[in-house]
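First the structure, in the form of structure tokens, and then the observations on it.
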Amino acid sequence: MTARFFPSVSDPVALVASVTLFALAAAILGSDSGPARNRPHPAAANVLPSNEILLRSFALVALEREHEAEADPGIAKWQAPIRVRLFGLAATDAATGSFLWNHLRRLAALSGLTIRHAAPGEPANYRIIFTARRHFADRVRASLDPGTEAVAVRLVRANCVGMFHQDVGTQAIVRATVIIPVDHARARGLLRRCIVEETTQVLGLPNDAALPVVSVFNDASTAQALSAHDALLLRLLYHPAIRPGLKRAAAMAVARRVLPEVRRRFPAPAGAK
């Protein structure tokens, strides 16, 4: 299978790289960015923003790639069940493992995807690797496609990394890898943020942007869990009418049409307006 490779990176340093069928995005975590006065107030996490803001977010997060050579990469999303295999979970603690699986269950509920443990001997298409900072570079390099070695020099500077592969024909995501250096992330208070951001972004919301809301996709936010905005964005991406490979104009036209339906079906959180 020919695949397109796309990494999403949690990194306080802007990264630039492009090769054939490759794009690199830099996600700047809130704890490393901007003055606090510019950050959305955490109390807004449970408030659903307007349709206008949600559509703007969808265009920025689902349809753009930082430093992407291709101007209109189109929609990327999974079409097949996700089979998860964890590596190095012993490097964390029971609370982190519980947090991870609670988050994956929420992703499954929001997207409608089947997300489960890969059975023994069953090929996994979604790997989550917990490692130490001293091994992070090796883990990243081992997960890169041949011909992208130069990118590793930049990726290994990240706080954590998520990568997904798309089938070139269908544009569906077919494989994903998340790599988190536990000691590094924990020392910076970013362990849960890395888990939430990277495991969500490899579902097809890979870009980060300066959004006027609390969001794990917001460079200025310190959110460590999906906000109502993020959850609704994922629901919108996984509406059946939004197909993998749709280009910007078509994808936005469909998003505008189906957002009222998606919003009606979305449970209104406390404080929603």
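By order in the structure tokens, chains are A, B, ...; within a chain, residues start at 1; ligands start at 1, following the order shown.
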
Open item on the list: List the spatial neighbours of stretch 231-238 of chain A as a PyMOL selection string - criterion: any atom at most 7 Å away, only C-alpha atoms, same-chain residues fewer than 4 positions off excluded.
Closed with: chain A and resi 54+58+110-111+226-227+242+259+262

Task: Residue neighbourhood A:Arg127, 10 Å, only C-alpha atoms, exclusion window fewer than 6 positions, as a PyMOL selection string - done: chain A and resi 82-87+118+162-163+175-179+199

Open item on the list: What's around stretch 88-98 of chain A at 10 Å? Count only C-alpha atoms, leave out sequence neighbours fewer than 4 positions away in its own chain, and write the answer as a count of residues only.
Closed with: 16

Open item on the list: List as a PyMOL selection string the protein and nucleic acid residues near A:Ala80, meaning an atom at most 9 Å away when only C-alpha atoms are counted, but skip any in the same chain fewer than 6 places from it.
Closed with: chain A and resi 113-114+172-174

Could you take the residues named above and write them with N, CA and C atoms, as a PDB file, in the first residue's frame?
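The resulting part_37.pdb:
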```
ATOM      1  N   LEU A 113     -15.748   5.658  15.798  1.00  0.00           N
ATOM      2  CA  LEU A 113     -14.771   4.639  15.446  1.00  0.00           C
ATOM      3  C   LEU A 113     -14.735   3.538  16.502  1.00  0.00           C
ATOM      4  N   THR A 114     -14.389   2.348  16.088  1.00  0.00           N
ATOM      5  CA  THR A 114     -14.068   1.288  17.032  1.00  0.00           C
ATOM      6  C   THR A 114     -12.603   1.449  17.413  1.00  0.00           C
ATOM      7  N   ALA A 172      -7.692   7.953   3.267  1.00  0.00           N
ATOM      8  CA  ALA A 172      -8.027   7.508   4.622  1.00  0.00           C
ATOM      9  C   ALA A 172      -6.743   7.285   5.421  1.00  0.00           C
ATOM     10  N   ILE A 173      -6.794   7.581   6.707  1.00  0.00           N
ATOM     11  CA  ILE A 173      -5.678   7.271   7.591  1.00  0.00           C
ATOM     12  C   ILE A 173      -5.667   5.768   7.828  1.00  0.00           C
ATOM     13  N   VAL A 174      -4.503   5.170   7.683  1.00  0.00           N
ATOM     14  CA  VAL A 174      -4.412   3.716   7.823  1.00  0.00           C
ATOM     15  C   VAL A 174      -3.496   3.270   8.954  1.00  0.00           C
TER      16      VAL A 174
END
```
